[in-house]
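Novice: Take a look at the following structure, please.
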Amino acid sequence: MEKKKVESIIVFGDATVGNPDLRYVVGASLARGGIYVKRKSHDPTLIVSNIDVGSARLGRVRNIRTYSDYGLERLSGRYDRDEARARFYEKIIRDTGASGPIVLAGRNETSNSLLLIDSLRKKEIKVVGEKTPTILEVARETKERSEIEKLREMGRKTTRVVQKTIRFLLKAKVRGPRVVFKSKPLTVHAVKTVINGLLAEEGIIAPEDTIFAAGRKSSDPHYDGKSGDLIRAGEPIVFDIFPAEPDGYWHDCTRTYTFSSPQRKVKEMYDAVLEAQTSALDMVREQASCSEMMIQVCKLFEKKGYPTARLLAKGNKEARVRKNSVVTIEPGLYDPKVGGVRIEDIVVVGSPSENLTHLPKDLQI
């Protein structure tokens, strides 16, 4: 805050779900969200609904107040919704001593946020914007010991889900080009049903679904696989899983598989991706140059005849990997005539770094 010349920061939202900034500063799950006020060199205040006080006390903020303390009910009875909201925030700012410049943060509906900012400025409250990286982006970039342990546990849980999914897939039989399970063609629906059950067993969820993309359609990096898609022998299957736990920590992991022997082109692509990922993983350490890692991988692909986007994006040549930041290493190759290949691990940066994804990288099931 000192560096950015910001005196106060307010992080708000209607829920902590889907609002990582609010979830991070609060340190607890709040079904109805809240308002977090932090003045430079002062302890923060968290304002929540009266029925969320118990949940708020499970977090990291010690000074907890309620909406009633700042007269929300009274204001809502006297003014329309937007004016009541503006006056409510004005009272919070005045009473907590928050002074400008003030940054408003949190993932919220844009038009409502802009309306609130406009209303506060009309009340002569100095609200300012931030250039990236924002204060909270910098704070969230590196992880505390407790956060890293949560990420480790998510890695263990995700690994178990993938391993058990593979055990299920091993029960399928290859019949020429077809893959069948219990005498029926194996579909993405059948596989995702298993995956979702395994996630539930681990107490984690997939808020953005899971990618299980088979065949040529896997050449679209974000094609998630539709229920009726058939699994066929020799074709690539991109299995990208990114579940989350209740505290908001995720684990991203991708493996590429084939039933039976892979098509020759798929094997060539896979070998190139595995070599590229191994090379990049070897480079991940504190203060490593991000651009050098990117260039290394692109050069390797280009040498093998695969064009890359290296010449299209300038990037930030000064970017460095910071200690205790957590990054994904996920090179991929995509050919519409064949399909896609991607391998992804999560790494905690350090000297040495720690790979949190403990899964084999075998292509053939």
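Lettering and numbering for the structure tokens are positional, with chains as A, B, ... in the shown order, residues counted from 1 in each chain, and ligands counted from 1 in the shown order.
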Determine, counting only C-alpha atoms, which protein, DNA and RNA residues have an atom within 10 Å of an atom of Gly176 (chain A); residues of the same chain fewer than 4 positions away are not included. Present the result as a PyMOL selection string.

Specialist: chain A and resi 232-234+260

Novice: At a cut-off of 8 Å, using only C-alpha atoms, what residues contact Val238 (chain A)? Leave out same-chain residues fewer than 6 positions from it and give the result as a list in words.

Specialist: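 Once the adjacent positions are removed, what remains is Ile211, Phe212, Ala213, Ala214, Ser218, Thr254, Arg255, Thr256, Tyr257, Gly340, Val341 and Arg342 of chain A.
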
Novice: Could you go through region 45-237 of chain A and tell me which residues DSSP, when run on the backbone, assigns to helix (DSSP H, G or I), listing them as a ChimeraX atom specification?

Specialist: /A:50-56,67-70,72-78,81-96,110-122,135-141,145-169,188-202,215-219

Novice: May I have all residues of region 6-207 of chain A that DSSP, computed from the backbone, assigns to strand (DSSP E or B), given as a PDB file with N, CA, C and O atoms, in the first residue's frame?

Specialist:
```pdb
ATOM      1  N   SER A   8      -6.080   3.233   1.983  1.00  0.00           N
ATOM      2  CA  SER A   8      -7.054   2.242   2.451  1.00  0.00           C
ATOM      3  C   SER A   8      -7.465   1.345   1.295  1.00  0.00           C
ATOM      4  O   SER A   8      -7.414   1.749   0.119  1.00  0.00           O
ATOM      5  N   ILE A   9      -7.890   0.129   1.643  1.00  0.00           N
ATOM      6  CA  ILE A   9      -8.408  -0.791   0.641  1.00  0.00           C
ATOM      7  C   ILE A   9      -9.672  -1.426   1.192  1.00  0.00           C
ATOM      8  O   ILE A   9      -9.747  -1.787   2.369  1.00  0.00           O
ATOM      9  N   ILE A  10     -10.698  -1.492   0.352  1.00  0.00           N
ATOM     10  CA  ILE A  10     -11.962  -2.127   0.721  1.00  0.00           C
ATOM     11  C   ILE A  10     -12.209  -3.274  -0.250  1.00  0.00           C
ATOM     12  O   ILE A  10     -12.239  -3.068  -1.471  1.00  0.00           O
ATOM     13  N   VAL A  11     -12.357  -4.474   0.301  1.00  0.00           N
ATOM     14  CA  VAL A  11     -12.632  -5.661  -0.509  1.00  0.00           C
ATOM     15  C   VAL A  11     -14.038  -6.118  -0.158  1.00  0.00           C
ATOM     16  O   VAL A  11     -14.352  -6.322   1.015  1.00  0.00           O
ATOM     17  N   PHE A  12     -14.890  -6.286  -1.155  1.00  0.00           N
ATOM     18  CA  PHE A  12     -16.294  -6.577  -0.859  1.00  0.00           C
ATOM     19  C   PHE A  12     -16.868  -7.578  -1.857  1.00  0.00           C
ATOM     20  O   PHE A  12     -16.262  -7.875  -2.894  1.00  0.00           O
ATOM     21  N   GLY A  13     -18.044  -8.081  -1.538  1.00  0.00           N
ATOM     22  CA  GLY A  13     -18.730  -8.997  -2.430  1.00  0.00           C
ATOM     23  C   GLY A  13     -19.903  -9.648  -1.737  1.00  0.00           C
ATOM     24  O   GLY A  13     -20.007  -9.648  -0.509  1.00  0.00           O
ATOM     25  N   GLY A  34     -19.248 -10.084   2.470  1.00  0.00           N
ATOM     26  CA  GLY A  34     -18.924  -9.113   3.499  1.00  0.00           C
ATOM     27  C   GLY A  34     -18.134  -7.948   2.939  1.00  0.00           C
ATOM     28  O   GLY A  34     -17.913  -7.849   1.720  1.00  0.00           O
ATOM     29  N   ILE A  35     -17.715  -7.083   3.832  1.00  0.00           N
ATOM     30  CA  ILE A  35     -16.933  -5.898   3.464  1.00  0.00           C
ATOM     31  C   ILE A  35     -15.698  -5.864   4.357  1.00  0.00           C
ATOM     32  O   ILE A  35     -15.809  -5.794   5.585  1.00  0.00           O
ATOM     33  N   TYR A  36     -14.538  -5.912   3.746  1.00  0.00           N
ATOM     34  CA  TYR A  36     -13.259  -5.920   4.444  1.00  0.00           C
ATOM     35  C   TYR A  36     -12.617  -4.553   4.262  1.00  0.00           C
ATOM     36  O   TYR A  36     -12.441  -4.079   3.127  1.00  0.00           O
ATOM     37  N   VAL A  37     -12.280  -3.900   5.377  1.00  0.00           N
ATOM     38  CA  VAL A  37     -11.687  -2.562   5.326  1.00  0.00           C
ATOM     39  C   VAL A  37     -10.302  -2.605   5.970  1.00  0.00           C
ATOM     40  O   VAL A  37     -10.156  -2.999   7.128  1.00  0.00           O
ATOM     41  N   LYS A  38      -9.293  -2.199   5.211  1.00  0.00           N
ATOM     42  CA  LYS A  38      -7.916  -2.191   5.724  1.00  0.00           C
ATOM     43  C   LYS A  38      -7.310  -0.812   5.510  1.00  0.00           C
ATOM     44  O   LYS A  38      -7.214  -0.321   4.382  1.00  0.00           O
ATOM     45  N   ARG A  39      -6.937  -0.176   6.611  1.00  0.00           N
ATOM     46  CA  ARG A  39      -6.199   1.085   6.555  1.00  0.00           C
ATOM     47  C   ARG A  39      -4.715   0.785   6.680  1.00  0.00           C
ATOM     48  O   ARG A  39      -4.316  -0.142   7.384  1.00  0.00           O
ATOM     49  N   THR A  45     -10.859  -4.419   9.518  1.00  0.00           N
ATOM     50  CA  THR A  45     -12.205  -4.627  10.046  1.00  0.00           C
ATOM     51  C   THR A  45     -13.001  -5.409   9.010  1.00  0.00           C
ATOM     52  O   THR A  45     -12.903  -5.142   7.805  1.00  0.00           O
ATOM     53  N   LEU A  46     -13.783  -6.370   9.471  1.00  0.00           N
ATOM     54  CA  LEU A  46     -14.645  -7.143   8.583  1.00  0.00           C
ATOM     55  C   LEU A  46     -16.095  -6.934   9.004  1.00  0.00           C
ATOM     56  O   LEU A  46     -16.448  -7.133  10.168  1.00  0.00           O
ATOM     57  N   ILE A  47     -16.927  -6.519   8.057  1.00  0.00           N
ATOM     58  CA  ILE A  47     -18.336  -6.262   8.324  1.00  0.00           C
ATOM     59  C   ILE A  47     -19.162  -7.301   7.580  1.00  0.00           C
ATOM     60  O   ILE A  47     -19.016  -7.460   6.355  1.00  0.00           O
ATOM     61  N   VAL A  48     -20.019  -8.015   8.311  1.00  0.00           N
ATOM     62  CA  VAL A  48     -20.777  -9.118   7.720  1.00  0.00           C
ATOM     63  C   VAL A  48     -22.231  -9.066   8.179  1.00  0.00           C
ATOM     64  O   VAL A  48     -22.597  -8.324   9.098  1.00  0.00           O
ATOM     65  N   ASN A  63     -11.314  -8.121  14.221  1.00  0.00           N
ATOM     66  CA  ASN A  63     -12.305  -7.077  14.460  1.00  0.00           C
ATOM     67  C   ASN A  63     -13.491  -7.282  13.519  1.00  0.00           C
ATOM     68  O   ASN A  63     -13.441  -6.924  12.346  1.00  0.00           O
ATOM     69  N   ILE A  64     -14.555  -7.871  14.044  1.00  0.00           N
ATOM     70  CA  ILE A  64     -15.718  -8.202  13.227  1.00  0.00           C
ATOM     71  C   ILE A  64     -16.910  -7.356  13.664  1.00  0.00           C
ATOM     72  O   ILE A  64     -17.255  -7.294  14.845  1.00  0.00           O
ATOM     73  N   ARG A  65     -17.532  -6.691  12.703  1.00  0.00           N
ATOM     74  CA  ARG A  65     -18.734  -5.899  12.949  1.00  0.00           C
ATOM     75  C   ARG A  65     -19.854  -6.425  12.060  1.00  0.00           C
ATOM     76  O   ARG A  65     -19.622  -7.264  11.185  1.00  0.00           O
ATOM     77  N   THR A  66     -21.062  -5.924  12.271  1.00  0.00           N
ATOM     78  CA  THR A  66     -22.201  -6.371  11.464  1.00  0.00           C
ATOM     79  C   THR A  66     -22.768  -5.216  10.653  1.00  0.00           C
ATOM     80  O   THR A  66     -22.534  -4.036  10.949  1.00  0.00           O
ATOM     81  N   ILE A 102      -8.520   5.502  -1.744  1.00  0.00           N
ATOM     82  CA  ILE A 102      -9.089   4.214  -1.381  1.00  0.00           C
ATOM     83  C   ILE A 102      -9.217   3.360  -2.636  1.00  0.00           C
ATOM     84  O   ILE A 102      -9.672   3.840  -3.679  1.00  0.00           O
ATOM     85  N   VAL A 103      -8.826   2.109  -2.527  1.00  0.00           N
ATOM     86  CA  VAL A 103      -9.002   1.145  -3.609  1.00  0.00           C
ATOM     87  C   VAL A 103     -10.161   0.227  -3.253  1.00  0.00           C
ATOM     88  O   VAL A 103     -10.237  -0.286  -2.134  1.00  0.00           O
ATOM     89  N   LEU A 104     -11.087   0.037  -4.198  1.00  0.00           N
ATOM     90  CA  LEU A 104     -12.144  -0.956  -4.038  1.00  0.00           C
ATOM     91  C   LEU A 104     -11.743  -2.206  -4.801  1.00  0.00           C
ATOM     92  O   LEU A 104     -11.349  -2.134  -5.970  1.00  0.00           O
ATOM     93  N   ALA A 105     -11.843  -3.367  -4.147  1.00  0.00           N
ATOM     94  CA  ALA A 105     -11.398  -4.617  -4.754  1.00  0.00           C
ATOM     95  C   ALA A 105     -12.434  -5.704  -4.518  1.00  0.00           C
ATOM     96  O   ALA A 105     -13.374  -5.547  -3.748  1.00  0.00           O
ATOM     97  N   VAL A 127     -11.791   7.599  -4.442  1.00  0.00           N
ATOM     98  CA  VAL A 127     -11.630   6.201  -4.840  1.00  0.00           C
ATOM     99  C   VAL A 127     -10.764   6.178  -6.089  1.00  0.00           C
ATOM    100  O   VAL A 127     -11.014   6.908  -7.052  1.00  0.00           O
ATOM    101  N   VAL A 128      -9.738   5.331  -6.070  1.00  0.00           N
ATOM    102  CA  VAL A 128      -8.797   5.275  -7.195  1.00  0.00           C
ATOM    103  C   VAL A 128      -8.712   3.851  -7.734  1.00  0.00           C
ATOM    104  O   VAL A 128      -9.046   2.879  -7.056  1.00  0.00           O
ATOM    105  N   THR A 142       2.526 -14.971  -3.768  1.00  0.00           N
ATOM    106  CA  THR A 142       3.341 -15.910  -3.001  1.00  0.00           C
ATOM    107  C   THR A 142       2.511 -16.490  -1.876  1.00  0.00           C
ATOM    108  O   THR A 142       1.613 -15.839  -1.340  1.00  0.00           O
ATOM    109  N   LYS A 173     -12.259 -52.571 -22.615  1.00  0.00           N
ATOM    110  CA  LYS A 173     -11.621 -53.472 -23.570  1.00  0.00           C
ATOM    111  C   LYS A 173     -11.529 -52.803 -24.937  1.00  0.00           C
ATOM    112  O   LYS A 173     -12.429 -52.062 -25.345  1.00  0.00           O
ATOM    113  N   VAL A 174     -10.433 -53.079 -25.629  1.00  0.00           N
ATOM    114  CA  VAL A 174     -10.248 -52.567 -26.982  1.00  0.00           C
ATOM    115  C   VAL A 174     -10.731 -53.607 -27.973  1.00  0.00           C
ATOM    116  O   VAL A 174     -10.287 -54.763 -27.953  1.00  0.00           O
ATOM    117  N   ARG A 175     -11.655 -53.216 -28.817  1.00  0.00           N
ATOM    118  CA  ARG A 175     -12.189 -54.094 -29.858  1.00  0.00           C
ATOM    119  C   ARG A 175     -11.975 -53.420 -31.199  1.00  0.00           C
ATOM    120  O   ARG A 175     -12.807 -52.666 -31.676  1.00  0.00           O
ATOM    121  N   ARG A 178     -12.631 -49.648 -31.554  1.00  0.00           N
ATOM    122  CA  ARG A 178     -13.574 -49.266 -30.498  1.00  0.00           C
ATOM    123  C   ARG A 178     -13.019 -49.581 -29.119  1.00  0.00           C
ATOM    124  O   ARG A 178     -12.202 -50.476 -28.947  1.00  0.00           O
ATOM    125  N   VAL A 179     -13.496 -48.824 -28.148  1.00  0.00           N
ATOM    126  CA  VAL A 179     -13.218 -49.106 -26.739  1.00  0.00           C
ATOM    127  C   VAL A 179     -14.572 -49.337 -26.077  1.00  0.00           C
ATOM    128  O   VAL A 179     -15.480 -48.493 -26.169  1.00  0.00           O
ATOM    129  N   VAL A 180     -14.726 -50.481 -25.439  1.00  0.00           N
ATOM    130  CA  VAL A 180     -16.019 -50.832 -24.864  1.00  0.00           C
ATOM    131  C   VAL A 180     -15.880 -51.101 -23.370  1.00  0.00           C
ATOM    132  O   VAL A 180     -14.830 -51.540 -22.882  1.00  0.00           O
ATOM    133  N   PHE A 181     -16.967 -50.818 -22.662  1.00  0.00           N
ATOM    134  CA  PHE A 181     -17.042 -51.113 -21.227  1.00  0.00           C
ATOM    135  C   PHE A 181     -18.367 -51.809 -20.967  1.00  0.00           C
ATOM    136  O   PHE A 181     -19.427 -51.275 -21.282  1.00  0.00           O
ATOM    137  N   LYS A 184     -20.595 -52.106 -23.988  1.00  0.00           N
ATOM    138  CA  LYS A 184     -21.110 -50.886 -24.593  1.00  0.00           C
ATOM    139  C   LYS A 184     -19.959 -49.949 -24.934  1.00  0.00           C
ATOM    140  O   LYS A 184     -18.940 -49.947 -24.235  1.00  0.00           O
ATOM    141  N   PRO A 185     -20.094 -49.159 -26.020  1.00  0.00           N
ATOM    142  CA  PRO A 185     -19.033 -48.207 -26.348  1.00  0.00           C
ATOM    143  C   PRO A 185     -18.767 -47.265 -25.164  1.00  0.00           C
ATOM    144  O   PRO A 185     -19.706 -46.772 -24.541  1.00  0.00           O
ATOM    145  N   THR A 187     -18.069 -43.976 -23.426  1.00  0.00           N
ATOM    146  CA  THR A 187     -18.339 -42.568 -23.735  1.00  0.00           C
ATOM    147  C   THR A 187     -17.718 -41.651 -22.690  1.00  0.00           C
ATOM    148  O   THR A 187     -17.406 -42.072 -21.572  1.00  0.00           O
ATOM    149  N   ILE A 205     -14.613 -30.413  -5.378  1.00  0.00           N
ATOM    150  CA  ILE A 205     -15.556 -30.234  -6.482  1.00  0.00           C
ATOM    151  C   ILE A 205     -14.822 -29.722  -7.715  1.00  0.00           C
ATOM    152  O   ILE A 205     -13.684 -29.260  -7.631  1.00  0.00           O
TER     153      ILE A 205
END
```

Novice: Rank A:Lys157, A:Lys4, A:Asp220, A:Thr357 by their smallest atom-to-atom distance to Thr132 (chain A), using only C-alpha atoms, and report the top residue only.

Specialist: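 Looking at the shortest contact to Thr132 (chain A), the residue is A:Lys4.
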
Novice: What are the closest atom pairs, with distances in Å to one decimal, for all residues of region 128-179 of chain A lying within 8 Å of region 307-327 of chain A? Consider only C-alpha atoms, order rows by chain and residue number, and present the result as JSON lines.

Specialist:
```
{"residue": "A:Glu141", "atom": "CA", "partner": "A:Ser325", "partner_atom": "CA", "distance": 5.6}
{"residue": "A:Thr142", "atom": "CA", "partner": "A:Ser325", "partner_atom": "CA", "distance": 4.2}
{"residue": "A:Lys143", "atom": "CA", "partner": "A:Asn324", "partner_atom": "CA", "distance": 5.4}
{"residue": "A:Glu144", "atom": "CA", "partner": "A:Asn324", "partner_atom": "CA", "distance": 7.5}
```

Novice: Got a sec: who's within 9 Å of region 80-92 of chain A, counting only C-alpha atoms, leaving out chain neighbours fewer than 5 positions off, as a PyMOL selection string?

Specialist: chain A and resi 37+47+67+70-72+74-75+97-98+112+115-117+119-120+123+125

Novice: Separation of CA of Phe168 (chain A) and CA of Gly225 (chain A), in Å?

Specialist: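 Answer for the CA of Phe168 (chain A) to CA of Gly225 (chain A) separation: 17.8 Å.
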
Novice: Fewer than 2 positions away in the same chain doesn't count, so skip those; otherwise give me all residues within 9 Å of Cys298 (chain A), counting only C-alpha atoms, as a list in words.

Specialist: Ala276, Met293, Met294, Ile295, Gln296, Leu300, Phe301, Glu302, Lys303, Tyr306, Pro307, Thr308, Ala309 and Arg310 of chain A

Novice: Just want the 6 Å neighbourhood of Ser219 (chain A), counted on only C-alpha atoms, with same-chain residues fewer than 2 positions away dropped. Output as a ChimeraX atom specification.

Specialist: /A:216-217,221,334-336,339-340

Novice: List the spatial neighbours of Gln364 (chain A) as a compact mmCIF listing (two decimals) with N, CA, C and O atoms, in the first residue's frame - criterion: any atom at most 12 Å away, only C-alpha atoms, same-chain residues fewer than 6 positions off excluded.

Specialist:
```
# COMPACT_ATOMS: atom_id res chain seq x y z
N ILE A 166 -8.02 -43.95 -13.85
CA ILE A 166 -7.25 -44.83 -14.72
C ILE A 166 -7.58 -46.30 -14.41
O ILE A 166 -7.69 -47.13 -15.34
N LEU A 169 -10.65 -47.00 -16.25
CA LEU A 169 -10.40 -47.11 -17.69
C LEU A 169 -9.73 -48.44 -18.05
O LEU A 169 -9.97 -48.99 -19.13
N LEU A 170 -8.92 -48.95 -17.15
CA LEU A 170 -8.25 -50.23 -17.41
C LEU A 170 -9.23 -51.39 -17.50
O LEU A 170 -8.88 -52.46 -18.03
N ALA A 233 -9.61 -46.27 -29.86
CA ALA A 233 -8.24 -46.74 -29.68
C ALA A 233 -7.27 -45.93 -30.52
O ALA A 233 -7.56 -45.56 -31.65
N GLY A 234 -6.10 -45.67 -29.94
CA GLY A 234 -5.02 -45.01 -30.67
C GLY A 234 -5.13 -43.50 -30.72
O GLY A 234 -4.16 -42.82 -31.07
N GLU A 235 -6.30 -42.95 -30.38
CA GLU A 235 -6.50 -41.50 -30.44
C GLU A 235 -6.18 -40.85 -29.09
O GLU A 235 -6.36 -41.48 -28.05
N PRO A 236 -5.73 -39.60 -29.11
CA PRO A 236 -5.35 -38.95 -27.85
C PRO A 236 -6.57 -38.60 -26.99
O PRO A 236 -7.63 -38.25 -27.51
N ILE A 237 -6.39 -38.70 -25.70
CA ILE A 237 -7.38 -38.25 -24.72
C ILE A 237 -6.69 -37.25 -23.81
O ILE A 237 -5.75 -37.60 -23.09
N ARG A 255 -2.95 -34.88 -18.02
CA ARG A 255 -2.23 -35.99 -18.63
C ARG A 255 -2.90 -36.31 -19.96
O ARG A 255 -4.09 -36.07 -20.14
N THR A 256 -2.13 -36.87 -20.88
CA THR A 256 -2.67 -37.31 -22.16
C THR A 256 -2.49 -38.81 -22.27
O THR A 256 -1.40 -39.34 -21.99
N TYR A 257 -3.57 -39.49 -22.65
CA TYR A 257 -3.56 -40.95 -22.71
C TYR A 257 -4.07 -41.44 -24.06
O TYR A 257 -4.77 -40.72 -24.79
N THR A 258 -3.74 -42.69 -24.35
CA THR A 258 -4.37 -43.40 -25.46
C THR A 258 -4.67 -44.83 -25.02
O THR A 258 -3.95 -45.41 -24.21
N PHE A 259 -5.76 -45.36 -25.56
CA PHE A 259 -6.01 -46.79 -25.43
C PHE A 259 -5.26 -47.49 -26.55
O PHE A 259 -5.28 -47.06 -27.70
N SER A 260 -4.59 -48.57 -26.22
CA SER A 260 -3.79 -49.33 -27.20
C SER A 260 -2.64 -48.46 -27.68
O SER A 260 -2.36 -47.38 -27.14
N SER A 261 -1.96 -48.92 -28.71
CA SER A 261 -0.80 -48.18 -29.21
C SER A 261 -1.24 -46.87 -29.84
O SER A 261 -2.20 -46.85 -30.62
N PRO A 262 -0.56 -45.77 -29.54
CA PRO A 262 -0.97 -44.48 -30.10
C PRO A 262 -0.64 -44.40 -31.59
O PRO A 262 0.26 -45.08 -32.10
N GLN A 263 -1.40 -43.57 -32.29
CA GLN A 263 -1.04 -43.26 -33.67
C GLN A 263 0.37 -42.67 -33.70
O GLN A 263 0.80 -42.03 -32.75
N VAL A 266 0.62 -39.02 -32.92
CA VAL A 266 0.33 -38.74 -31.52
C VAL A 266 1.56 -39.02 -30.67
O VAL A 266 1.91 -38.24 -29.77
N LYS A 267 2.23 -40.13 -30.95
CA LYS A 267 3.43 -40.48 -30.18
C LYS A 267 4.52 -39.45 -30.38
O LYS A 267 5.22 -39.05 -29.41
N TYR A 270 3.57 -36.41 -28.40
CA TYR A 270 3.68 -36.65 -26.97
C TYR A 270 5.14 -36.59 -26.52
O TYR A 270 5.46 -35.97 -25.49
```
